[in-house]
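Enquirer: I am sharing model.txt, which consists of compact mmCIF, C-alpha atoms:
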```txt
# COMPACT_ATOMS: atom_id res chain seq x y z
CA MET Q 1 3.36 15.97 -50.55
CA ILE Q 2 5.98 15.93 -47.79
CA THR Q 3 5.42 13.99 -44.61
CA ALA Q 4 5.11 15.57 -41.19
CA PRO Q 5 8.63 14.51 -40.04
CA GLU Q 6 10.15 15.98 -43.22
CA ALA Q 7 8.24 19.19 -42.65
CA LEU Q 8 9.43 19.38 -39.04
CA GLU Q 9 13.02 18.78 -40.04
CA ALA Q 10 12.81 21.61 -42.58
CA VAL Q 11 11.10 23.88 -40.09
CA SER Q 12 13.82 23.40 -37.47
CA ARG Q 13 16.16 25.40 -39.69
CA ARG Q 14 13.83 28.39 -39.81
CA THR Q 15 14.04 31.48 -37.61
CA ALA Q 16 11.09 32.23 -35.35
CA GLY Q 17 9.37 35.41 -36.47
CA ALA Q 18 11.06 35.48 -39.87
CA ASP Q 19 7.78 35.45 -41.81
CA THR Q 20 6.41 38.70 -43.18
CA GLY Q 21 2.85 39.75 -43.87
CA ASN Q 22 -0.32 38.47 -42.23
CA VAL Q 23 -1.04 34.80 -41.61
CA ALA Q 24 -4.26 33.18 -40.38
CA VAL Q 25 -5.41 29.66 -39.53
CA THR Q 26 -8.98 28.62 -38.70
CA ILE Q 27 -9.87 25.49 -36.72
CA PRO Q 28 -12.75 24.37 -34.44
CA ALA Q 29 -12.47 26.18 -31.11
CA ARG Q 30 -13.14 23.09 -29.00
CA GLU Q 31 -10.49 21.11 -30.86
CA LEU Q 32 -7.85 23.79 -30.29
CA LEU Q 33 -8.86 24.06 -26.63
CA ALA Q 34 -8.57 20.29 -26.14
CA MET Q 35 -5.13 20.25 -27.77
CA LEU Q 36 -3.76 23.06 -25.61
CA LYS Q 37 -5.20 21.56 -22.42
CA LYS Q 38 -3.43 18.26 -23.04
CA ILE Q 39 -0.02 19.94 -23.09
CA ARG Q 40 -0.73 22.86 -20.77
CA ILE Q 41 1.96 24.19 -18.46
CA VAL Q 42 1.28 23.45 -14.79
CA GLY Q 43 2.91 25.05 -11.78
CA ARG Q 44 5.27 28.01 -11.58
CA MET Q 45 8.07 27.90 -14.13
CA PRO Q 46 11.64 29.03 -13.28
CA ALA Q 47 11.98 30.96 -16.55
CA PRO Q 48 9.32 33.08 -18.34
CA PHE Q 49 9.78 31.44 -21.74
CA LEU Q 50 8.84 28.07 -20.22
CA THR Q 51 5.27 29.36 -19.84
CA LEU Q 52 5.00 29.65 -23.62
CA THR Q 53 3.71 27.22 -26.22
CA ALA Q 54 5.58 26.77 -29.49
CA LEU Q 55 3.24 26.62 -32.50
CA ARG Q 56 4.05 25.43 -36.01
CA PHE Q 57 1.17 25.72 -38.43
CA GLN Q 58 0.02 25.97 -42.02
CA GLU Q 59 -2.89 27.99 -43.34
CA SER Q 60 -4.52 24.75 -44.51
CA GLY Q 61 -5.13 23.88 -40.82
CA TRP Q 62 -2.17 21.66 -39.90
CA LEU Q 63 -1.06 22.63 -36.41
CA GLU Q 64 1.62 21.43 -34.03
CA ALA Q 65 1.84 22.68 -30.42
CA THR Q 66 4.71 21.96 -28.00
CA THR Q 67 5.40 22.78 -24.35
CA PHE Q 68 8.52 22.12 -22.31
CA ASP Q 69 9.56 22.39 -18.65
CA TYR Q 70 13.14 21.02 -18.53
CA GLN Q 71 11.77 17.62 -17.43
CA THR Q 72 9.22 16.77 -20.10
CA SER Q 73 8.41 17.95 -23.62
CA LEU Q 74 4.84 17.40 -24.83
CA ARG Q 75 3.87 17.78 -28.48
CA ILE Q 76 0.48 17.34 -30.12
CA THR Q 77 -0.42 17.70 -33.80
CA ARG Q 78 -3.56 18.16 -35.87
CA GLY Q 79 -3.81 16.94 -39.45
CA GLU Q 80 -0.85 16.36 -41.76
CA ALA Q 81 1.70 18.82 -43.06
CA THR Q 82 1.67 19.56 -46.79
CA GLY Q 83 4.00 21.41 -49.13
CA GLU Q 84 2.72 24.77 -47.90
CA THR Q 85 4.84 27.23 -45.94
CA VAL Q 86 5.21 26.26 -42.31
CA HIS Q 87 4.96 29.22 -39.91
CA GLU Q 88 6.29 29.39 -36.35
CA ARG Q 89 5.16 31.40 -33.35
CA LEU Q 90 5.32 31.39 -29.57
CA ILE Q 91 2.06 32.00 -27.71
CA ALA Q 92 1.00 32.35 -24.08
CA GLY Q 93 -0.68 28.95 -23.94
CA ASN Q 94 -2.53 29.25 -20.63
CA TYR Q 95 -3.87 32.67 -21.63
CA VAL Q 96 -5.35 31.19 -24.81
CA ILE Q 97 -6.78 28.24 -22.83
CA ASN Q 98 -8.57 30.59 -20.42
CA THR Q 99 -9.94 32.71 -23.25
CA LEU Q 100 -11.12 29.75 -25.32
CA THR Q 101 -12.78 28.20 -22.27
CA GLU Q 102 -15.00 31.27 -21.90
CA LEU Q 103 -15.67 31.50 -25.64
CA VAL Q 104 -16.92 27.94 -26.01
CA ARG Q 105 -19.00 28.06 -22.84
CA GLY Q 106 -22.57 28.23 -24.05
CA ALA Q 107 -21.53 28.72 -27.69
CA ALA Q 108 -22.50 26.52 -30.64
CA LYS Q 109 -20.65 23.21 -30.79
CA ASP Q 110 -19.29 24.06 -34.24
CA LEU Q 111 -17.74 27.36 -33.15
CA ASP Q 112 -14.59 28.11 -35.15
CA VAL Q 113 -11.68 30.23 -34.01
CA THR Q 114 -9.25 32.10 -36.25
CA LEU Q 115 -5.72 32.88 -35.12
CA LYS Q 116 -4.31 35.88 -37.00
CA TRP Q 117 -0.69 36.91 -36.94
CA GLU Q 118 0.45 40.33 -38.14
CA TRP Q 119 4.18 40.86 -38.54
CA LYS Q 120 5.46 44.29 -37.44
CA ALA Q 121 8.78 44.62 -39.26
CA LYS Q 122 9.56 47.96 -37.64
CA ASP Q 123 9.40 46.48 -34.12
CA SER Q 124 10.54 42.98 -35.17
CA ILE Q 125 7.61 41.39 -33.40
CA SER Q 126 4.34 39.73 -34.36
CA LEU Q 127 0.91 40.47 -32.95
CA LEU Q 128 -1.54 37.64 -32.39
CA THR Q 129 -5.30 38.15 -32.50
CA LEU Q 130 -7.88 35.51 -31.66
CA GLU Q 131 -11.22 35.90 -33.47
CA ALA Q 132 -14.33 33.85 -32.72
CA ASP Q 133 -18.09 34.44 -32.60
CA GLY Q 134 -17.62 38.17 -33.25
CA PHE Q 135 -14.96 38.63 -30.57
CA GLU Q 136 -11.51 40.00 -31.41
CA ILE Q 137 -9.01 39.40 -28.63
CA ALA Q 138 -5.33 40.34 -28.67
CA VAL Q 139 -3.09 37.69 -27.12
CA PRO Q 140 -0.21 39.27 -25.18
CA SER Q 141 3.35 38.03 -25.04
CA SER Q 142 3.32 36.05 -28.25
CA LEU Q 143 7.07 36.84 -28.21
CA ALA Q 144 7.70 35.79 -31.79
CA SER Q 145 10.44 38.26 -32.57
CA ALA Q 146 13.61 37.09 -34.24
CA SER Q 147 15.40 37.46 -30.89
CA GLN Q 148 13.27 34.59 -29.54
CA ALA Q 149 14.63 32.06 -32.06
CA GLU Q 150 16.78 30.32 -29.44
CA GLU Q 151 13.90 29.97 -26.99
CA PHE Q 152 11.63 28.64 -29.76
CA GLY Q 153 14.21 26.05 -30.74
CA THR Q 154 14.66 24.95 -27.12
CA ILE Q 155 10.93 24.38 -26.65
CA ALA Q 156 10.25 22.80 -30.05
CA ASP Q 157 13.39 20.67 -30.43
CA TRP Q 158 14.43 19.83 -26.88
CA LYS Q 159 14.97 16.15 -27.71
CA ASN Q 160 17.88 17.07 -29.99
CA ALA Q 161 19.61 18.84 -27.09
CA LEU Q 162 19.49 15.92 -24.65
CA GLY Q 163 22.97 14.79 -25.61
CA GLN Q 164 22.05 11.13 -25.22
CA GLU Q 165 22.16 8.28 -27.67
CA GLN Q 166 19.28 6.00 -28.56
CA ILE Q 167 20.07 2.64 -26.97
CA ALA Q 168 16.95 0.57 -27.57
CA GLY Q 169 13.45 0.81 -28.98
CA ALA Q 170 10.20 -1.07 -29.29
CA VAL Q 171 6.78 -0.75 -30.90
CA VAL Q 172 3.97 -1.25 -28.38
CA ASP Q 173 0.20 -0.92 -28.36
CA VAL Q 174 -0.40 2.56 -26.98
CA GLN Q 175 -3.54 1.73 -25.00
CA ALA Q 176 -2.02 -1.46 -23.56
CA PHE Q 177 1.00 0.53 -22.37
CA ARG Q 178 -1.17 3.26 -20.88
CA ASP Q 179 -3.36 0.68 -19.09
CA LEU Q 180 -0.22 -1.05 -17.78
CA LEU Q 181 1.12 2.02 -16.01
CA ASP Q 182 -2.34 3.18 -14.93
CA SER Q 183 -2.99 -0.15 -13.21
CA VAL Q 184 -0.10 0.36 -10.76
CA ALA Q 185 0.05 4.17 -10.56
CA HIS Q 186 -2.25 4.45 -7.51
CA THR Q 187 0.38 2.74 -5.32
CA ALA Q 188 3.21 5.16 -6.15
CA SER Q 189 4.26 7.37 -3.25
CA LYS Q 190 3.24 11.03 -2.95
CA ASP Q 191 6.07 11.73 -0.50
CA ASP Q 192 8.79 13.76 -2.23
CA THR Q 193 11.28 12.99 0.55
CA LEU Q 194 11.69 9.59 -1.16
CA PRO Q 195 11.93 10.63 -4.84
CA VAL Q 196 12.49 7.12 -6.20
CA LEU Q 197 9.20 5.88 -4.73
CA THR Q 198 7.28 8.71 -6.42
CA ALA Q 199 8.12 7.03 -9.73
CA ILE Q 200 6.77 4.03 -11.63
CA ASN Q 201 9.45 1.46 -12.46
CA VAL Q 202 9.13 0.15 -16.04
CA VAL Q 203 11.22 -2.98 -16.67
CA PHE Q 204 11.95 -4.60 -20.04
CA SER Q 205 12.77 -8.29 -20.33
CA ALA Q 206 12.84 -10.87 -23.10
CA ASP Q 207 9.09 -11.28 -23.54
CA ARG Q 208 7.32 -8.63 -21.49
CA ILE Q 209 7.14 -5.11 -20.12
CA THR Q 210 6.54 -5.01 -16.36
CA ALA Q 211 5.52 -2.03 -14.22
CA TYR Q 212 6.10 -1.71 -10.46
CA ALA Q 213 4.99 0.95 -7.97
CA THR Q 214 5.06 1.20 -4.18
CA ASP Q 215 4.71 3.65 -1.29
CA ARG Q 216 6.09 1.16 1.32
CA TYR Q 217 2.60 0.26 2.59
CA ARG Q 218 1.30 -1.26 -0.64
CA LEU Q 219 2.82 -2.31 -3.91
CA ALA Q 220 1.63 -3.38 -7.31
CA ARG Q 221 3.06 -5.26 -10.26
CA ALA Q 222 1.54 -5.67 -13.73
CA TRP Q 223 2.83 -6.80 -17.11
CA ILE Q 224 1.98 -6.97 -20.78
CA PRO Q 225 3.53 -9.24 -23.41
CA SER Q 226 5.97 -7.53 -25.74
CA PRO Q 227 8.46 -8.81 -28.32
CA VAL Q 228 11.32 -6.72 -26.94
CA SER Q 229 14.86 -7.95 -27.54
CA PHE Q 230 16.65 -6.16 -24.71
CA GLU Q 231 16.68 -5.81 -20.93
CA GLY Q 232 16.71 -2.65 -18.87
CA SER Q 233 14.47 -0.26 -16.96
CA PHE Q 234 13.53 3.36 -16.41
CA LEU Q 235 11.75 5.34 -13.69
CA ILE Q 236 9.03 7.79 -14.72
CA LYS Q 237 7.77 10.15 -12.04
CA LEU Q 238 4.06 9.76 -11.26
CA SER Q 239 3.37 13.48 -11.79
CA GLU Q 240 5.04 13.33 -15.21
CA TRP Q 241 3.13 10.18 -16.16
CA ASN Q 242 -0.16 11.93 -15.28
CA ARG Q 243 0.73 14.65 -17.79
CA ILE Q 244 1.91 12.22 -20.47
CA ARG Q 245 -0.96 9.71 -20.32
CA VAL Q 246 -3.61 12.18 -21.53
CA LEU Q 247 -1.93 12.24 -24.95
CA MET Q 248 -2.25 8.45 -25.29
CA ASP Q 249 -5.98 8.47 -25.98
CA LYS Q 250 -6.12 6.99 -29.49
CA PRO Q 251 -5.67 3.31 -30.46
CA GLY Q 252 -2.71 2.17 -32.50
CA ASP Q 253 0.99 1.50 -32.23
CA MET Q 254 3.43 3.71 -30.35
CA HIS Q 255 7.18 3.95 -30.84
CA LEU Q 256 9.07 3.74 -27.58
CA LEU Q 257 12.72 4.86 -27.76
CA LEU Q 258 15.07 4.61 -24.80
CA MET Q 259 18.08 6.85 -24.48
CA GLY Q 260 21.07 7.18 -22.22
CA SER Q 261 24.81 7.22 -21.92
CA GLY Q 262 25.50 4.41 -19.48
CA GLY Q 263 24.22 1.30 -21.24
CA TYR Q 264 21.16 -0.84 -20.73
CA SER Q 265 20.93 -1.07 -16.95
CA GLN Q 266 18.83 2.08 -16.57
CA PHE Q 267 17.73 4.46 -19.30
CA GLU Q 268 18.07 8.20 -18.68
CA ALA Q 269 15.45 9.51 -21.11
CA VAL Q 270 12.44 8.09 -22.89
CA HIS Q 271 10.72 9.07 -26.13
CA PHE Q 272 7.10 8.17 -26.98
CA SER Q 273 5.60 8.87 -30.40
CA GLY Q 274 2.17 7.79 -31.55
CA LYS Q 275 -0.78 9.09 -33.50
CA ASP Q 276 -0.72 12.89 -33.24
CA PHE Q 277 1.65 13.11 -30.25
CA VAL Q 278 5.33 13.09 -29.32
CA VAL Q 279 6.74 13.03 -25.77
CA ASN Q 280 10.34 13.32 -24.56
CA ALA Q 281 10.98 12.93 -20.85
CA LEU Q 282 13.95 12.65 -18.54
CA THR Q 283 13.70 9.73 -16.15
CA VAL Q 284 14.25 9.66 -12.39
CA ASN Q 285 17.81 8.85 -11.36
CA GLY Q 286 17.98 6.32 -8.55
CA GLU Q 287 17.98 2.69 -7.46
CA TYR Q 288 14.48 1.24 -7.24
CA PRO Q 289 13.82 -1.31 -4.44
CA LYS Q 290 14.05 -4.95 -5.47
CA LEU Q 291 10.42 -5.98 -5.13
CA ARG Q 292 10.31 -9.27 -7.01
CA ASP Q 293 10.96 -11.41 -3.93
CA LEU Q 294 7.95 -9.90 -2.16
CA PHE Q 295 5.66 -11.35 -4.82
CA ALA Q 296 7.20 -14.82 -4.54
CA LYS Q 297 5.64 -15.74 -1.18
CA GLU Q 298 3.54 -18.86 -0.72
CA TYR Q 299 -0.10 -18.27 0.18
CA SER Q 300 -1.92 -20.84 2.26
CA SER Q 301 -5.51 -19.83 1.48
CA HIS Q 302 -7.52 -17.99 -1.15
CA MET Q 303 -11.03 -16.48 -1.22
CA VAL Q 304 -12.79 -15.22 -4.35
CA PHE Q 305 -15.62 -12.67 -4.04
CA SER Q 306 -18.01 -10.73 -6.21
CA ALA Q 307 -16.10 -7.54 -7.02
CA ALA Q 308 -19.30 -5.46 -6.98
CA ALA Q 309 -20.32 -6.73 -3.53
CA MET Q 310 -16.83 -6.23 -2.09
CA LYS Q 311 -16.50 -2.72 -3.54
CA ARG Q 312 -19.94 -1.69 -2.24
CA ALA Q 313 -19.23 -3.00 1.26
CA SER Q 314 -15.84 -1.26 1.41
CA ARG Q 315 -17.34 2.04 0.24
CA VAL Q 316 -20.21 1.99 2.73
CA ILE Q 317 -18.11 0.99 5.75
CA GLY Q 318 -15.27 3.26 4.62
CA SER Q 319 -17.66 6.22 4.63
CA THR Q 320 -18.36 5.69 8.35
CA THR Q 321 -14.73 5.88 9.44
CA GLU Q 322 -12.57 8.85 10.25
CA ARG Q 323 -9.59 9.64 8.04
CA ASN Q 324 -7.03 6.81 8.13
CA GLN Q 325 -9.18 4.86 10.59
CA PRO Q 326 -8.79 1.24 9.43
CA PHE Q 327 -11.60 -1.19 8.92
CA GLU Q 328 -11.55 -4.88 9.76
CA LEU Q 329 -12.13 -7.95 7.58
CA THR Q 330 -13.41 -10.96 9.51
CA SER Q 331 -14.48 -14.36 8.21
CA ALA Q 332 -17.70 -16.09 9.19
CA GLU Q 333 -17.67 -19.07 11.53
CA ASP Q 334 -17.71 -21.52 8.60
CA ARG Q 335 -14.87 -19.50 6.94
CA THR Q 336 -16.73 -19.29 3.58
CA ALA Q 337 -17.78 -15.64 3.82
CA LEU Q 338 -16.33 -12.33 4.95
CA ARG Q 339 -17.68 -9.14 6.48
CA ILE Q 340 -16.19 -5.65 6.75
CA SER Q 341 -16.61 -3.67 9.97
CA THR Q 342 -15.22 -0.57 11.62
CA THR Q 343 -12.51 -0.74 14.27
CA TRP Q 344 -13.92 2.36 15.95
CA GLU Q 345 -15.88 1.28 19.01
CA GLU Q 346 -17.66 4.64 19.37
CA ASN Q 347 -19.19 4.35 15.90
CA PRO Q 348 -19.72 0.65 15.10
CA ALA Q 349 -20.77 -0.44 11.62
CA LYS Q 350 -20.60 -3.74 9.76
CA SER Q 351 -21.49 -5.08 6.35
CA PRO Q 352 -23.52 -8.19 5.59
CA LEU Q 353 -21.53 -11.37 5.01
CA ILE Q 354 -20.03 -11.49 1.50
CA PRO Q 355 -20.03 -15.09 0.19
CA ALA Q 356 -16.75 -16.49 -1.09
CA GLU Q 357 -15.42 -19.30 -3.23
CA GLY Q 358 -12.79 -21.00 -1.06
CA GLU Q 359 -12.36 -20.61 2.66
CA ALA Q 360 -9.97 -19.03 5.13
CA ASP Q 361 -9.83 -18.04 8.80
CA VAL Q 362 -9.46 -14.28 8.44
CA ARG Q 363 -9.06 -11.43 10.88
CA THR Q 364 -7.15 -8.51 9.43
CA ALA Q 365 -7.51 -4.76 8.89
CA PHE Q 366 -6.59 -2.22 6.21
CA ASN Q 367 -6.43 1.47 5.53
CA PRO Q 368 -9.80 1.81 3.74
CA TYR Q 369 -8.42 4.06 0.99
CA PHE Q 370 -5.62 1.63 0.14
CA TYR Q 371 -8.06 -1.27 0.03
CA GLN Q 372 -10.56 0.59 -2.17
CA ASP Q 373 -7.79 1.71 -4.56
CA ALA Q 374 -6.71 -1.91 -4.94
CA LEU Q 375 -10.25 -3.05 -5.74
CA ARG Q 376 -10.79 -0.28 -8.30
CA ALA Q 377 -7.61 -1.20 -10.17
CA LEU Q 378 -8.75 -4.78 -10.82
CA PRO Q 379 -10.50 -5.70 -14.08
CA GLY Q 380 -13.48 -8.06 -14.19
CA ASP Q 381 -16.23 -8.93 -11.74
CA LYS Q 382 -14.27 -11.20 -9.38
CA VAL Q 383 -11.67 -10.30 -6.75
CA ARG Q 384 -9.33 -12.78 -5.06
CA LEU Q 385 -7.75 -12.31 -1.64
CA SER Q 386 -4.77 -14.56 -0.87
CA PHE Q 387 -3.41 -14.97 2.67
CA ALA Q 388 -0.14 -16.27 4.11
CA THR Q 389 -0.48 -15.14 7.73
CA MET Q 390 -2.60 -12.31 9.07
CA ALA Q 391 0.52 -10.25 9.84
CA GLN Q 392 1.80 -10.39 6.25
CA PRO Q 393 0.60 -8.42 3.21
CA VAL Q 394 -2.57 -9.67 1.55
CA ARG Q 395 -2.32 -10.40 -2.17
CA ILE Q 396 -5.21 -8.92 -4.18
CA THR Q 397 -5.76 -10.17 -7.74
CA SER Q 398 -8.53 -10.68 -10.27
CA GLY Q 399 -10.52 -13.81 -9.51
CA LEU Q 400 -10.88 -14.42 -13.24
CA GLU Q 401 -7.15 -15.05 -13.72
CA PRO Q 402 -5.45 -18.36 -12.86
CA LEU Q 403 -3.16 -18.11 -9.85
CA ASP Q 404 -0.11 -19.07 -11.91
CA SER Q 405 -0.63 -16.44 -14.63
CA VAL Q 406 -1.82 -13.29 -12.88
CA VAL Q 407 -1.41 -10.12 -14.96
CA LEU Q 408 -1.96 -7.58 -12.12
CA GLU Q 409 -1.18 -8.32 -8.49
CA GLN Q 410 -1.21 -5.99 -5.52
CA LEU Q 411 0.09 -6.42 -1.98
CA VAL Q 412 -1.48 -4.35 0.80
CA MET Q 413 0.12 -4.22 4.24
CA PRO Q 414 -2.41 -4.92 7.01
CA VAL Q 415 -2.88 -2.74 10.08
CA ARG Q 416 -2.01 -4.37 13.38
CA LEU Q 417 -5.06 -5.33 15.43
CA PRO Q 418 -5.19 -5.97 19.19
CA PRO Q 419 -5.56 -9.62 20.26
CA LYS Q 420 -9.07 -10.98 19.98
CA GLN Q 421 -10.83 -10.98 23.32
CA ASP Q 422 -12.73 -14.09 24.37
CA LYS Q 423 -16.30 -13.38 25.35
```
Would you mind writing the file's structure down as C-alpha cells?

Expert:
Amino acid sequence: MITAPEALEAVSRRTAGADTGNVAVTIPARELLAMLKKIRIVGRMPAPFLTLTALRFQESGWLEATTFDYQTSLRITRGEATGETVHERLIAGNYVINTLTELVRGAAKDLDVTLKWEWKAKDSISLLTLEADGFEIAVPSSLASASQAEEFGTIADWKNALGQEQIAGAVVDVQAFRDLLDSVAHTASKDDTLPVLTAINVVFSADRITAYATDRYRLARAWIPSPVSFEGSFLIKLSEWNRIRVLMDKPGDMHLLLMGSGGYSQFEAVHFSGKDFVVNALTVNGEYPKLRDLFAKEYSSHMVFSAAAMKRASRVIGSTTERNQPFELTSAEDRTALRISTTWEENPAKSPLIPAEGEADVRTAFNPYFYQDALRALPGDKVRLSFATMAQPVRITSGLEPLDSVVLEQLVMPVRLPPKQDK
C-alpha cells in the first residue's frame, strides 16, 4: 500500500483528463458537502479557473479536494490512498455545493451520492453526473479536458510554484494553535486602508508562540508554549485565517512550515498540514507595530468579578444603547463593586452592583461591543480588570490566572468622559 504523499507525488505527473472510460465514486452526501464547504471559493475571482475545485479520487472512496485563489490554497482529504488508479478532474465546486445542499435537505441522514465521470474522447472532455436519491444531475464546466492540465496543476500543486525555500518548521498541537489565534482575532482591524492591522501577527521565540492583534482602539496578546528553536514572525490576514481555521477541527499534531527568501525576520509564506488537511498561504507584507511595550505598564489596582455577572450586565445595558454609544463603569462608594450604566441621558439604564475581589476607584467608559468581545474571549468564570489611570487602556484578563503568568491579555482604550459634576 502506498501512502497518501506518495500517491500525490505520482499523481502530479499525470495529465488532467487523460483517463479513458467511465469512473464513479460513491460517498455519503453530507460528508462530501461538508468537505466542499470547508474549502469553498468566496467572492468574485479574477480568472474563471479559480472558481473550480481540483479533485483527485479513487473508486475505493479516497478523495482529495483543493481550491486556490492566488493567496491561499486549501486542501482536504477523505480516507487514505491505496495502490488503485488515482483519477483527476476539475469541478464547479460552488455548483456542487448548492446542489448537494438541496439534495440533503429533508433526505435521510445516510443519503449517498455517486459522482460519475464519462470520458468523451472525440471532444477531449469529460462529463460529470451527480446521482443521489433517484436524481441525475449533470454538473457543467467540469473542464477536465487535456487542455486544462496547466490549470489543474496550478490549483492542485500551487505550493511547488511559490519559489520560496523552507526556512523553519515546528510541530504544534492543532487545536492549541487554532485557539491561540482565535483568542486575539476579534481585535484585528476590519479597515482595509491599514492592511497590516487586518492581520494577526504570529511571533516565534525560544519557548513559545505568541499572537498579537489590534485595530488601534484595542489590542490582544496570547501565547502557547512550544519547543521551537528559531525566532521570526509572519502576518496572516484575518479573512484568510477565518477560511483556514475551519479545517483545523480535529485533534492531533500539525506540521507548521515557514517559507521565504529573506531569512528569519519575517516569513513570506506558511504551510499547515494536519489530519486530512493541507493549507498553503502567502503572508501579509509589512511592518507590524511594536506592541510589547504597551503590555509592560504598571497597574495600580485590580478588581476580579464573576464573568457570568459581568457578561450579563454588559449585554443588558449594551442592548439599551445606540450604535457606538459607550457605556460607563463606575465603582461603588466603598470601591468593592462596580455597576454598568448608559451615558445617554435621554435613555438612562444601570445594572445592579457587581461585587468584586479587590478594590479600585473607577469611572471609565467603553465601546460596548469592544468590551463584550473582550469578555467573550476570556476562558473561565472570573474576569480581572486592571487599572493604571482612568485615561489609559484597561487590562482585561482571566481572574483565574496569576498576574505574573497571564496567557491572554487584552487592552481596551476607554472613551473620554466629561468631568464629574458635583451635586

Enquirer: Range 269-280 of chain Q, all listed atoms, 4 Å padding on each side: what axis-aligned box centre and edge lengths in Å to one decimal come out, as lines of an AutoDock Vina configuration file?

Expert:
```
center_x = 7.3
center_y = 10.6
center_z = -27.3
size_x = 24.2
size_y = 13.5
size_z = 20.4
```

Enquirer: Report as CSV: every residue of range 265-378 of chain Q with an atom at most 9 Å from range 200-217 of chain Q, its closest pair of atoms, and their distance in Å to one decimal, counting all atoms listed in the file, with rows sorted by chain and ascending residue number.

Expert:
```
residue,atom,partner,partner_atom,distance
Q:Tyr288,CA,Q:Asn201,CA,7.3
Q:Leu291,CA,Q:Tyr212,CA,8.1
Q:Phe370,CA,Q:Tyr217,CA,8.7
```

Enquirer: Have a look at CA of Glu165 in chain Q and CA of Trp241 in chain Q and let me know their distance in Å, one decimal.

Expert: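 Here the two named atoms are 22.3 Å from each other.
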
Enquirer: Rank Q:Val394, Q:Ala388, Q:Ile224, Q:Met35 by their smallest atom-to-atom distance to Gln175 in chain Q, using only C-alpha atoms, and report the top residue only.

Expert: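 Smallest distance to Gln175 in chain Q is found for Q:Ile224.
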
Enquirer: Would you list the residues near (8.3, 0.5, -5.5), meaning any protein, DNA or RNA residue with an atom at most 12 Å from that point in file coordinates, counting only C-alpha atoms, as a PyMOL selection string?

Expert: chain Q and resi 184-190+194-202+211-221+235-238+286-292+294+410-411

Enquirer: Would you please work out which residue, of Q:Thr154, Q:Ser239, Q:Ser405, Q:Thr99, is nearest to Asp192 in chain Q when using only C-alpha atoms?

Expert: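 Of the candidates, the smallest distance to Asp192 in chain Q is held by Q:Ser239.
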
Enquirer: With distances taken over only C-alpha atoms, which residue among Q:Met248, Q:Ala121, Q:Ala222, Q:Leu111 lies nearest Val407 in chain Q?

Expert: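 Closest candidate: Q:Ala222.
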
Enquirer: Point out the residue among Q:Lys109, Q:Lys122, Q:Arg40, Q:Lys116 with the least atom-to-atom distance to Asp69 in chain Q, counting all atoms listed in the file.

Expert: Q:Arg40

Enquirer: Between CA of Met45 in chain Q and CA of Arg78 in chain Q, what is the distance, to one decimal in Å?

Expert: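 Between CA of Met45 in chain Q and CA of Arg78 in chain Q the gap works out to 26.5 Å.
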
Enquirer: Go ahead and compute the interatomic distance for CA of Pro326 in chain Q and CA of Leu417 in chain Q, in Å to one decimal.

Expert: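 Pair CA of Pro326 in chain Q / CA of Leu417 in chain Q returns 9.6 Å.
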
Enquirer: Can you work out which one of Q:Gly169, Q:Arg312, Q:Ser233, Q:Gln58 has the shortest atom-to-atom distance to Val284 in chain Q, counting all atoms listed in the file?

Expert: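 Answer, going by the shortest atom-to-atom distance: Q:Ser233.
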
Enquirer: Given all atoms listed in the file as the basis, pick out the residue of Q:Ala349, Q:Leu403, Q:Val412, Q:Asp191 nearest to Thr364 in chain Q.

Expert: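 Among the listed residues, the smallest separation from Thr364 in chain Q belongs to Q:Val412.
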
Enquirer: Can you list, as a ChimeraX atom specification, every protein, DNA or RNA residue that comes within 10 Å of Thr342 in chain Q when you count only C-alpha atoms, leaving out same-chain residues fewer than 4 positions away?

Expert: /Q:317-318,320-322,325-329,346-351,365,368

Enquirer: Give me, as a PyMOL selection string, all polymer residues having an atom no more than 9 Å from Tyr299 in chain Q, counting all atoms listed in the file and skipping those fewer than 3 positions away in the same chain.

Expert: chain Q and resi 302+386-389+395

Enquirer: Write the residues of the selection above to a file with C-alpha atoms, as a compact mmCIF listing (two decimals), in the frame of the given file.

Expert:
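Wrote out-v5.txt, looks like this:
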```txt
# COMPACT_ATOMS: atom_id res chain seq x y z
CA HIS Q 302 -7.52 -17.99 -1.15
CA SER Q 386 -4.77 -14.56 -0.87
CA PHE Q 387 -3.41 -14.97 2.67
CA ALA Q 388 -0.14 -16.27 4.11
CA THR Q 389 -0.48 -15.14 7.73
CA ARG Q 395 -2.32 -10.40 -2.17
```

Enquirer: Name the residues in contact with Arg56 in chain Q at a cut-off of 6 Å, using all atoms listed in the file, excluding same-chain residues fewer than 5 positions from it; report them as a ChimeraX atom specification.

Expert: /Q:63-64,87-88

Enquirer: For Arg335 in chain Q, find every residue with an atom within 8 Å (counting only C-alpha atoms), except residues of its own chain fewer than 2 positions away, and show them as a list in words.

Expert: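 Selected residues are Ser331, Ala332, Glu333, Ala337, Leu338, Glu359, Ala360, Asp361 and Val362 of chain Q.
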